$ cat model16.csv   # CSV, C-alpha atoms
chain,number,residue,atom,x,y,z
A,576,MET,CA,190.7,-132.3,133.9
A,577,THR,CA,191.8,-129.2,132.1
A,578,GLU,CA,195.4,-129.1,131.0
A,579,GLN,CA,197.5,-126.5,132.8
A,580,GLN,CA,200.4,-124.4,131.5
A,581,PRO,CA,203.6,-126.2,132.6
A,582,PHE,CA,206.3,-124.5,134.7
A,583,GLU,CA,209.2,-125.5,136.9
A,584,LEU,CA,209.1,-124.3,140.5
A,585,VAL,CA,212.4,-122.6,141.2
A,586,ARG,CA,211.7,-121.4,144.8
A,587,ARG,CA,208.8,-120.8,147.2
A,588,TYR,CA,208.8,-117.4,149.0
A,589,ALA,CA,206.5,-116.5,151.8
A,590,HIS,CA,204.0,-114.7,149.5
A,591,PHE,CA,204.7,-116.0,146.0
A,592,GLU,CA,206.4,-118.7,144.0
A,593,LEU,CA,209.3,-118.1,141.6
A,594,ARG,CA,208.7,-120.2,138.5
A,595,ARG,CA,210.4,-120.9,135.2
A,596,TYR,CA,208.0,-121.0,132.3
A,597,PRO,CA,209.1,-122.6,129.0
A,598,SER,CA,208.0,-120.9,125.8
A,599,TYR,CA,204.3,-121.4,125.0
A,600,VAL,CA,201.8,-120.6,122.3
A,601,VAL,CA,198.7,-118.5,122.8
A,602,ALA,CA,195.6,-117.6,120.8
A,603,GLU,CA,195.0,-113.9,121.7
A,604,ILE,CA,192.7,-111.0,120.9
A,605,GLN,CA,192.9,-107.3,121.8
A,606,VAL,CA,189.7,-105.8,123.1
A,607,ASN,CA,188.9,-102.3,124.3
A,608,ALA,CA,186.9,-102.6,127.5
A,609,THR,CA,187.1,-102.1,131.2
A,610,PHE,CA,189.3,-104.5,133.1
A,611,ASP,CA,186.3,-106.3,134.5
A,612,ARG,CA,184.6,-106.7,131.0
A,613,ALA,CA,187.7,-107.5,128.9
A,614,GLY,CA,187.6,-111.3,129.6
A,615,ASN,CA,183.9,-111.5,128.6
A,616,ALA,CA,184.5,-109.4,125.5
A,617,ALA,CA,187.3,-111.7,124.3
A,618,PHE,CA,186.0,-115.1,125.5
A,619,ARG,CA,183.5,-115.8,122.6
A,620,HIS,CA,186.1,-115.1,119.9
A,621,LEU,CA,188.8,-117.3,121.6
A,622,PHE,CA,186.3,-120.0,122.5
A,623,ASN,CA,185.1,-120.1,118.9
A,624,TYR,CA,188.7,-120.6,117.7
A,625,ILE,CA,189.4,-123.6,119.9
A,626,SER,CA,185.9,-125.0,119.0
A,627,GLY,CA,186.9,-125.3,115.4
A,628,SER,CA,186.5,-121.7,113.9
A,629,ASN,CA,189.8,-122.1,112.2
A,630,THR,CA,191.0,-123.0,108.7
A,631,ALA,CA,191.5,-126.7,109.8
A,632,GLN,CA,188.1,-126.8,111.5
A,633,GLN,CA,190.1,-128.5,114.3
A,634,LYS,CA,188.9,-128.5,117.9
A,635,LEU,CA,191.5,-127.8,120.6
A,636,ALA,CA,191.4,-128.7,124.2
A,637,MET,CA,190.8,-125.9,126.7
A,638,THR,CA,193.9,-125.1,128.7
A,639,ALA,CA,194.3,-123.0,131.8
A,640,PRO,CA,194.9,-120.3,132.5
A,641,VAL,CA,193.2,-117.6,130.5
A,642,ILE,CA,195.6,-114.6,130.6
A,643,GLN,CA,194.8,-110.9,130.6
A,644,GLU,CA,197.2,-108.1,130.3
A,645,LEU,CA,197.4,-104.5,129.3
A,646,GLY,CA,197.4,-104.2,125.5
A,647,PRO,CA,200.5,-103.1,123.6
A,648,SER,CA,199.1,-99.8,122.6
A,649,GLN,CA,199.1,-98.6,126.2
A,650,LYS,CA,202.0,-96.9,127.9
A,651,LEU,CA,203.0,-98.7,131.1
A,652,ALA,CA,203.6,-97.0,134.4
A,653,MET,CA,206.7,-98.2,136.3
A,654,THR,CA,205.0,-98.4,139.7
A,655,ALA,CA,202.4,-100.8,141.0
A,656,PRO,CA,199.7,-101.3,140.0
A,657,VAL,CA,200.7,-101.2,136.4
A,658,LEU,CA,197.7,-102.9,134.9
A,659,GLN,CA,195.7,-99.8,134.4
A,660,SER,CA,198.1,-97.2,133.2
A,661,GLY,CA,195.9,-95.2,131.0
A,662,PRO,CA,192.8,-94.8,133.2
A,663,LEU,CA,193.2,-94.3,136.9
A,664,PRO,CA,192.9,-97.5,138.9
A,665,GLY,CA,189.4,-98.1,140.0
A,666,SER,CA,187.9,-96.1,137.1
A,667,ASP,CA,185.5,-97.6,134.6
A,668,GLU,CA,187.4,-96.1,131.6
A,669,PRO,CA,188.0,-98.7,128.8
A,670,ALA,CA,191.5,-99.5,127.9
A,671,ASP,CA,193.1,-101.9,125.4
A,672,PHE,CA,193.7,-105.4,126.9
A,673,VAL,CA,195.0,-108.5,125.4
A,674,VAL,CA,193.2,-111.7,126.5
A,675,ALA,CA,194.8,-115.0,125.6
A,676,PHE,CA,194.1,-118.7,125.8
A,677,VAL,CA,197.2,-120.8,126.4
A,678,LEU,CA,197.2,-123.5,123.7
A,679,PRO,CA,197.9,-127.1,124.5
A,680,ALA,CA,201.5,-128.2,124.9
A,681,GLY,CA,203.0,-129.6,121.8
A,682,LEU,CA,201.4,-127.0,119.5
A,683,THR,CA,203.7,-124.4,117.9
A,684,ALA,CA,202.8,-121.1,116.2
A,685,GLU,CA,203.5,-123.0,113.0
A,686,THR,CA,201.3,-126.1,113.8
A,687,ALA,CA,198.4,-124.3,115.5
A,688,PRO,CA,195.4,-124.0,113.2
A,689,VAL,CA,195.0,-120.6,111.5
A,690,PRO,CA,192.1,-118.6,113.1
A,691,ALA,CA,189.1,-117.9,110.8
A,692,ASN,CA,188.6,-114.6,112.7
A,693,SER,CA,191.5,-112.3,111.7
A,694,ASP,CA,191.3,-110.5,115.0
A,695,VAL,CA,192.5,-113.7,116.8
A,696,LYS,CA,196.3,-114.0,116.6
A,697,ILE,CA,198.6,-116.9,117.3
A,698,ARG,CA,201.8,-116.0,119.0
A,699,THR,CA,204.7,-117.7,120.7
A,700,ILE,CA,205.6,-116.3,124.2
A,701,PRO,CA,209.3,-116.8,125.0
A,702,GLY,CA,210.2,-118.6,128.2
A,703,SER,CA,210.7,-116.5,131.3
A,704,LEU,CA,211.4,-116.4,135.0
A,705,ALA,CA,208.3,-115.2,136.8
A,706,ALA,CA,206.9,-114.6,140.2
A,707,ALA,CA,203.3,-115.9,140.8
A,708,LEU,CA,201.0,-114.9,143.6
A,709,ARG,CA,198.0,-117.3,143.8
A,710,PHE,CA,194.7,-116.1,145.3
A,711,SER,CA,191.1,-117.3,145.3
A,712,GLY,CA,187.9,-115.4,145.0
A,713,SER,CA,186.9,-112.6,142.7
A,714,GLY,CA,188.8,-111.9,139.6
A,715,SER,CA,187.8,-108.2,139.6
A,716,GLU,CA,190.1,-105.3,138.9
A,717,ALA,CA,190.1,-104.3,142.6
A,718,SER,CA,191.1,-107.8,143.6
A,719,PHE,CA,193.9,-107.9,141.0
A,720,GLU,CA,195.2,-104.4,142.0
A,721,ARG,CA,195.3,-105.4,145.7
A,722,HIS,CA,197.2,-108.7,144.9
A,723,ASN,CA,199.4,-107.0,142.4
A,724,THR,CA,200.4,-104.3,144.9
A,725,GLY,CA,201.3,-107.1,147.4
A,726,LEU,CA,203.3,-109.0,144.8
A,727,GLN,CA,205.3,-105.9,143.7
A,728,ALA,CA,206.1,-105.2,147.4
A,729,ALA,CA,207.1,-108.8,148.0
A,730,LEU,CA,209.4,-108.7,144.9
A,731,LYS,CA,211.2,-105.7,146.3
A,732,LEU,CA,211.7,-107.3,149.7
A,733,ALA,CA,213.1,-110.5,147.9
A,734,GLY,CA,215.5,-108.3,145.8
A,735,LEU,CA,213.9,-109.3,142.5
A,736,THR,CA,213.3,-106.8,139.7
A,737,ALA,CA,210.0,-106.8,137.8
A,738,VAL,CA,210.2,-106.8,134.0
A,739,GLY,CA,207.3,-105.7,131.9
A,740,PRO,CA,203.7,-105.6,132.9
A,741,PRO,CA,202.0,-108.1,135.2
A,742,ARG,CA,199.6,-110.7,133.8
A,743,PHE,CA,196.3,-111.7,135.4
A,744,ALA,CA,195.5,-115.4,135.1
A,745,ARG,CA,192.1,-117.0,135.6
A,746,PHE,CA,192.0,-120.8,136.0
A,747,ASP,CA,188.3,-121.6,136.4
A,748,PRO,CA,185.1,-121.3,134.3
A,749,PRO,CA,182.7,-118.5,135.1
A,750,PHE,CA,180.1,-120.9,136.5
A,751,LYS,CA,182.4,-122.0,139.4
A,752,PRO,CA,181.4,-120.2,142.6
A,753,TRP,CA,183.5,-117.0,142.9
A,754,PHE,CA,184.9,-118.0,146.3
A,755,LEU,CA,186.4,-121.2,144.9
A,756,ARG,CA,188.0,-119.7,141.8
A,757,ARG,CA,191.8,-119.8,141.4
A,758,ASN,CA,193.5,-116.6,140.1
A,759,GLU,CA,197.1,-115.5,139.9
A,760,VAL,CA,199.1,-112.4,139.3
A,761,ILE,CA,202.2,-113.3,137.3
A,762,GLN,CA,205.1,-110.9,137.0
A,763,ASP,CA,208.2,-111.6,134.9
A,764,VAL,CA,211.4,-110.8,136.7
A,765,GLN,CA,215.1,-110.4,135.8
A,766,GLU,CA,217.3,-113.4,136.2
A,767,PRO,CA,219.2,-113.0,139.5
A,768,PRO,CA,223.0,-112.8,139.3
A,769,ALA,CA,224.7,-116.1,139.6
A,770,PRO,CA,226.2,-116.7,143.1
$ encode --input "model16.csv" --output "structure tokens"
Amino acid sequence: MTEQQPFELVRRYAHFELRRYPSYVVAEIQVNATFDRAGNAAFRHLFNYISGSNTAQQKLAMTAPVIQELGPSQKLAMTAPVLQSGPLPGSDEPADFVVAFVLPAGLTAETAPVPANSDVKIRTIPGSLAAALRFSGSGSEASFERHNTGLQAALKLAGLTAVGPPRFARFDPPFKPWFLRRNEVIQDVQEPPAP
């Protein structure tokens, strides 16, 4: 079974879970593609890294999820959906996306093997409080936008404030039937005030 990124469940809401994620390490690459093609454009580079294309020639276990978010060179809109802020939602315009593999627990940015491909970067992501909306089916841009819109509305109703761009997480391999695939929209939120 594929190792999954750990988190602590803080609270279940009607439409999402509030989770606390500890810091974690990713291998990531920035690609310029449409939302629907970004994962495929990045996959080979990231898979090669965990398959031993690194200075230690060390193989790493595949960990779920694979995370996709708008790249750092894009300006972010403050309203949902925020994933496609450069091109209009639903357009086939390419944008910069960062696609990342979460590395196995126990690895740090210092102990992870150095990628042979200089486009693949190793980075520590700080811990955060985040809302996660789980859904099955297609991992397309249209599906992500629909679920992200729902999550953003549910956050407002719950009195939570979104911080930064949402992340799109895929948990299953591409050969799994589309209707059985697990996906999530994950949105960091501000810590609520202490009661």
$ closest_residue --input "model16.csv" --among "A:Glu644, A:Ala728, A:Ala707, A:Val760" --to "Arg586 (chain A)" --atoms "only C-alpha atoms"
A:Ala707
$ atom_distance --input "model16.csv" --atom1 "CA of Ala636 (chain A)" --atom2 "CA of Lys696 (chain A)"
17.3 Å
$ atom_distance --input "model16.csv" --atom1 "CA of Asn629 (chain A)" --atom2 "CA of Val673 (chain A)"
19.7 Å
$ atom_distance --input "model16.csv" --atom1 "CA of Ala670 (chain A)" --atom2 "CA of Gly646 (chain A)"
7.9 Å
$ closest_residue --input "model16.csv" --among "A:Leu635, A:Ala691, A:Ile697, A:Ala729" --to "Glu603 (chain A)" --atoms "only C-alpha atoms"
A:Ile697
$ residues_near_point --input "model16.csv" --point "(188.5, -117.5, 147.2)" --cutoff "8 Å" --atoms "all atoms listed in the file" --output "list in words"
Phe710, Ser711, Gly712, Ser713, Trp753, Phe754, Leu755, Arg756 and Arg757 of chain A
$ residues_around --input "model16.csv" --residues "region 679-687 of chain A" --least-positions-apart "2" --cutoff "8 Å" --atoms "only C-alpha atoms" --output "mmCIF file with C-alpha atoms, in the coordinates of the input"
data_model
loop_
_atom_site.group_PDB
_atom_site.id
_atom_site.type_symbol
_atom_site.label_atom_id
_atom_site.label_comp_id
_atom_site.auth_asym_id
_atom_site.auth_seq_id
_atom_site.Cartn_x
_atom_site.Cartn_y
_atom_site.Cartn_z
ATOM 1 C CA GLU A 578 195.400 -129.100 131.000
ATOM 2 C CA GLN A 580 200.400 -124.400 131.500
ATOM 3 C CA TYR A 599 204.300 -121.400 125.000
ATOM 4 C CA VAL A 600 201.800 -120.600 122.300
ATOM 5 C CA LEU A 635 191.500 -127.800 120.600
ATOM 6 C CA ALA A 636 191.400 -128.700 124.200
ATOM 7 C CA MET A 637 190.800 -125.900 126.700
ATOM 8 C CA THR A 638 193.900 -125.100 128.700
ATOM 9 C CA VAL A 677 197.200 -120.800 126.400
ATOM 10 C CA VAL A 689 195.000 -120.600 111.500
ATOM 11 C CA ILE A 697 198.600 -116.900 117.300
ATOM 12 C CA ARG A 698 201.800 -116.000 119.000
ATOM 13 C CA THR A 699 204.700 -117.700 120.700
#
$ closest_residue --input "model16.csv" --among "A:Gln579, A:Ser703, A:Gln762, A:Gln643" --to "Arg612 (chain A)" --atoms "all atoms listed in the file"
A:Gln643
$ residues_around --input "model16.csv" --residues "Arg742 (chain A)" --least-positions-apart "5" --cutoff "12 Å" --atoms "all atoms listed in the file" --output "PyMOL selection string"
chain A and resi 640-646+656-659+672-675+705-708+719-720+722-723+726+737+758-763
$ residues_around --input "model16.csv" --residues "Gln632 (chain A)" --least-positions-apart "5" --cutoff "12 Å" --atoms "only C-alpha atoms" --output "list in words"
Asn623, Tyr624, Ile625, Ser626, Gly627, Ala687, Pro688, Val689, Pro690 and Ala691 of chain A
$ residues_near_point --input "model16.csv" --point "(182.8, -102.5, 134.8)" --cutoff "9 Å" --atoms "all atoms listed in the file" --output "ChimeraX atom specification"
/A:608-612,666-669,715-716
$ residues_around --input "model16.csv" --residues "region 764-767 of chain A" --least-positions-apart "5" --cutoff "10 Å" --atoms "all atoms listed in the file" --output "tab-separated table (two decimals) with C-alpha atoms, keeping the file's coordinate frame"
chain	number	residue	atom	x	y	z
A	593	LEU	CA	209.30	-118.10	141.60
A	594	ARG	CA	208.70	-120.20	138.50
A	703	SER	CA	210.70	-116.50	131.30
A	704	LEU	CA	211.40	-116.40	135.00
A	705	ALA	CA	208.30	-115.20	136.80
A	706	ALA	CA	206.90	-114.60	140.20
A	730	LEU	CA	209.40	-108.70	144.90
A	734	GLY	CA	215.50	-108.30	145.80
A	735	LEU	CA	213.90	-109.30	142.50
A	736	THR	CA	213.30	-106.80	139.70
A	737	ALA	CA	210.00	-106.80	137.80
A	738	VAL	CA	210.20	-106.80	134.00
A	739	GLY	CA	207.30	-105.70	131.90
A	741	PRO	CA	202.00	-108.10	135.20
$ closest_residue --input "model16.csv" --among "A:Lys634, A:Asp671, A:Phe743, A:Leu584" --to "Asn607 (chain A)" --atoms "only C-alpha atoms"
A:Asp671
